[in-house]
Protein chains: 2
Amino acid sequence: MAMAHGKRVRLDDVARLAGVSRSTASRVINGHPNVRPETRHKVLEAIRKLGYHPNTLAQGLSRRRTRIIGLLVAMPARRLASDQFYPLFLQGAAQAANRRGYRLMLGLFEEPAEQEAMYVDVVRGGYLDGLVVVSVPRGDPLIPMLLEEEVPFVLVGRDPDWDTPYVEGDNYRGGYMATEHLLRLGYRRIGTITGPLKLWAATERLRGYQDAHRDAGLEPDPGFIVEADFTEIGGMAAMRKLLEAGPEAVFVQSDTMAAGALRAVKAAGLKVPDDIALVGYDDAPLAELLEPPLTTVHQPIHMMGYTAVEMLIEHVERPKPRTQGVILPVKLVVRRSCGALPQP
Amino acid sequence: MAMAHGKRVRLDDVARLAGVSRSTASRVINGHPNVRPETRHKVLEAIRKLGYHPNTLAQGLSRRRTRIIGLLVAMPARRLASDQFYPLFLQGAAQAANRRGYRLMLGLFEEPAEQEAMYVDVVRGGYLDGLVVVSVPRGDPLIPMLLEEEVPFVLVGRDPDWDTPYVEGDNYRGGYMATEHLLRLGYRRIGTITGPLKLWAATERLRGYQDAHRDAGLEPDPGFIVEADFTEIGGMAAMRKLLEAGPEAVFVQSDTMAAGALRAVKAAGLKVPDDIALVGYDDAPLAELLEPPLTTVHQPIHMMGYTAVEMLIEHVERPKPRTQGVILPVKLVVRRSCGALPQP
DNA sequence: ACGTCAATTGGTACCGCTTCCAAAAGCCGT
DNA sequence: ACGGCTTTTGGAAGCGGTACCAATTGACGT
């Protein structure tokens, strides 16, 4: 670390060189208004000469603000690995943080114990200004804890049991649109593979699926609904199960699961979309690469990351912005897997 | 933040309640040996009662160690988005950090200016114990800066111009194996699509490709070598160009580019592997999902992340461990795109 | 009981910066 | 030139810990 060599320059050094007190030097650094231009200039000059950079830790300690926000992600390893949600989300989050001069502390956890450790160390230990929490399952004790501690935080993916700031894609609409699209194409026996139903997003997409049926005058058949876990393997297993019910089309709640489902369909010697039409969710980069390319519901993942961080920063900086929730629009991207487009 | 409410409990509170001095309380917390068991117990009890957690910033300030390490990633947006390297790498890195009680600070940058800002704020500002730097191009000024500042760091992907600790997959072997495999299958006109040649990894894989040719008594044809950028789009463009040379097989330096290449081949009305065989690199989750599934060189990405962090921590904690570099083994995963396996 | 030495414990000076408060300086009008 | 105000500046008390050093306590040998 820079700390390693003793020659670190401190604020005192700057003050001395500029011939002012430390207080004044500090004022200049923090853009305090009441400093004579001439003085300010002297200090700035000293800073430049010395190559001074404030010690963030010390600043944080006395300001009680660090400009670091935590990104808390509890996610099973296998899911994180294959899901393409992540890179995009992180990129958006990082972009927002960079723009506003914040840093991102990453907390990726597989085991709750580890998460607990970070929670304690970081939240109670006080070096985060706030937290962005990704995909907490319903009923997770984290949320009441955060509320209790009055830690500013934003959820990515709402928890309907708590009234907190959140960002999410319009899951209900997404589920509805995907299903409606299949119905319009004339399919009637439409199955669905959902994510873990303890995630609100999954239940909302499912609700959209069901309502689309009802609005078309059909009653959704529970036998066509299979719960999986947002992984490729899970999608494959779910599709195998679903095949027994003989669907004409399947709405899969993530592209990753759809990839698995697609493999299961092929393994069964069937063709997509001829024998079974498929619609995915996310519009991950992968979707376009599958054979056939996957019709899917596009989520603005990058923007979700950006927005979450942006919202959090607002919450941290303003007293009470009360921008409770943001629901970002999704859209259907039609490719070949649903059978709407001519096959080559 | 927990800081938000005034009721934060400090070390003094603990000391008072336990009826000892702050020094003693501190000793207990840091597991210092010379504390009478009885005293230790009183302090522990007080800590528990008060729900005390040390303030990380304050600790960091006086210890001059934070147990935070930075993960610096400079990567064009389009590449980050589609590349599956990331989630896996992060996961490995996070796992290592969690296990050793370190935190990860994420620095994702698209623009050098932003990177510079983080560099300054974080490295000179002194709240990182060290840095893991991912995929710096050759000649990047970052490395000499880090060396100059004596910041402990580990490179993911070596820079041959500097003698620094690094972790990487065995790129030369990977390139060699992939090419050798194609040669063994009888292909002679073998093209290759490389990553940016300012990345050492790309030049090494290329060298492997060339040496495999030479060892087979063939002279590699420069007309069969096309440089791309590790993105899908780039791979597609490169393949279009390569098609003009009429290769029988192509070794592509990343699965993501291979996906693009595959699309280009299909768009040209050709079949993989019948008309053109393909071998990728990385063994990303995506590889298995392509049609046909991609033969590829498997890199232990998760372990690269894990190892990089582990090495860095060693460097930070031990005086001079001098574990310079680690090269992790790669292996060839044969699937259908190379034509070695029976097509279904 | 007393000296000696090791094990414990307390006191206090930092770590490097912010910020409140009071002192000093500058500006005006008369 | 002087009183009254507003700016600018400096001083010093934190922020919450760590760690060095000295003081206190306890154990043990004689």
# chains A, B, ... in the order shown; residues from 1 in each chain; ligands from 1
call {"tool": "select_by_dssp", "arguments": {"residues": "range 91-330 of chain B", "states": "strand (DSSP E)", "output": "ChimeraX atom specification"}}
result
/B:103-109,130-134,153-156,166-169,190-194,225-227,249-252,277-282,295-298,325-328
call {"tool": "residues_around", "arguments": {"residues": "range 12-16 of chain C", "least_positions_apart": "4", "cutoff": "12 Å", "atoms": "only C-alpha atoms (C1' of nucleotides)", "output": "ChimeraX atom specification"}}
result
/A:3,8-13,22,26,53-62 /B:21-23,57-65,125-126 /D:15-22
call {"tool": "interface_residues", "arguments": {"of": "chain A", "to": "chain B", "cutoff": "8 Å", "atoms": "only C-alpha atoms", "output": "NGL selection string"}}
result
:A and (1-5 or 53-58 or 60-61 or 64 or 77 or 80-82 or 84 or 86-88 or 91 or 94-95 or 98 or 103-109 or 114 or 120-130 or 149-152 or 259 or 263 or 285-286 or 289-291)
call {"tool": "select_by_dssp", "arguments": {"residues": "range 22-215 of chain A", "states": "helix (DSSP H, G or I)", "output": "number ranges by chain"}}
result
A: 22-29, 37-50, 56-63, 77-82, 85-99, 112-124, 142-149, 171-184, 200-215
call {"tool": "interface_residues", "arguments": {"of": "chain C", "to": "chain A", "cutoff": "12 Å", "atoms": "only C-alpha atoms (C1' of nucleotides)", "output": "ChimeraX atom specification"}}
result
/C:15-20,25-26
call {"tool": "interface_residues", "arguments": {"of": "chain D", "to": "chain A", "cutoff": "10 Å", "atoms": "only C-alpha atoms (C1' of nucleotides)", "output": "list in words"}}
result
DT7, DT8, DT9, DG10, DG11, DG14, DC15 and DG16 of chain D
call {"tool": "residues_around", "arguments": {"residues": "Ala216 in chain B", "least_positions_apart": "2", "cutoff": "12 Å", "atoms": "only C-alpha atoms (C1' of nucleotides)", "output": "JSON, numbers by chain"}}
result
{"B": [176, 179, 180, 181, 182, 183, 184, 186, 187, 188, 209, 210, 211, 212, 213, 214, 218, 219, 220]}
call {"tool": "residues_around", "arguments": {"residues": "DC5 in chain C", "least_positions_apart": "4", "cutoff": "12 Å", "atoms": "only C-alpha atoms (C1' of nucleotides)", "output": "short mmCIF file (atom, residue, chain, number, x, y, z; two decimals) with C-alpha atoms (C1' of nucleotides), in the first residue's frame"}}
result
data_model
loop_
_atom_site.label_atom_id
_atom_site.label_comp_id
_atom_site.auth_asym_id
_atom_site.auth_seq_id
_atom_site.Cartn_x
_atom_site.Cartn_y
_atom_site.Cartn_z
"C1'" DG D 26 0.80 -11.69 41.53
"C1'" DA D 27 3.71 -15.73 41.97
"C1'" DC D 28 7.66 -17.68 43.68
"C1'" DG D 29 12.08 -18.55 45.93
#
call {"tool": "atom_distance", "arguments": {"atom1": "CA of Arg158 in chain B", "atom2": "CA of Tyr306 in chain B"}}
result
16.3 Å
call {"tool": "atom_distance", "arguments": {"atom1": "CA of Ala267 in chain B", "atom2": "CA of Ala237 in chain B"}}
result
11.6 Å
call {"tool": "atom_distance", "arguments": {"atom1": "C1' of DC21 in chain C", "atom2": "CA of His32 in chain A"}}
result
16.9 Å
call {"tool": "residues_around", "arguments": {"residues": "Ala268 in chain B", "least_positions_apart": "6", "cutoff": "12 Å", "atoms": "only C-alpha atoms (C1' of nucleotides)", "output": "number ranges by chain"}}
result
B: 236, 239-244, 246, 261-262, 275-276
call {"tool": "residues_around", "arguments": {"residues": "Asp229 in chain A", "least_positions_apart": "2", "cutoff": "7 Å", "atoms": "only C-alpha atoms (C1' of nucleotides)", "output": "ChimeraX atom specification"}}
result
/A:195-196,231,234
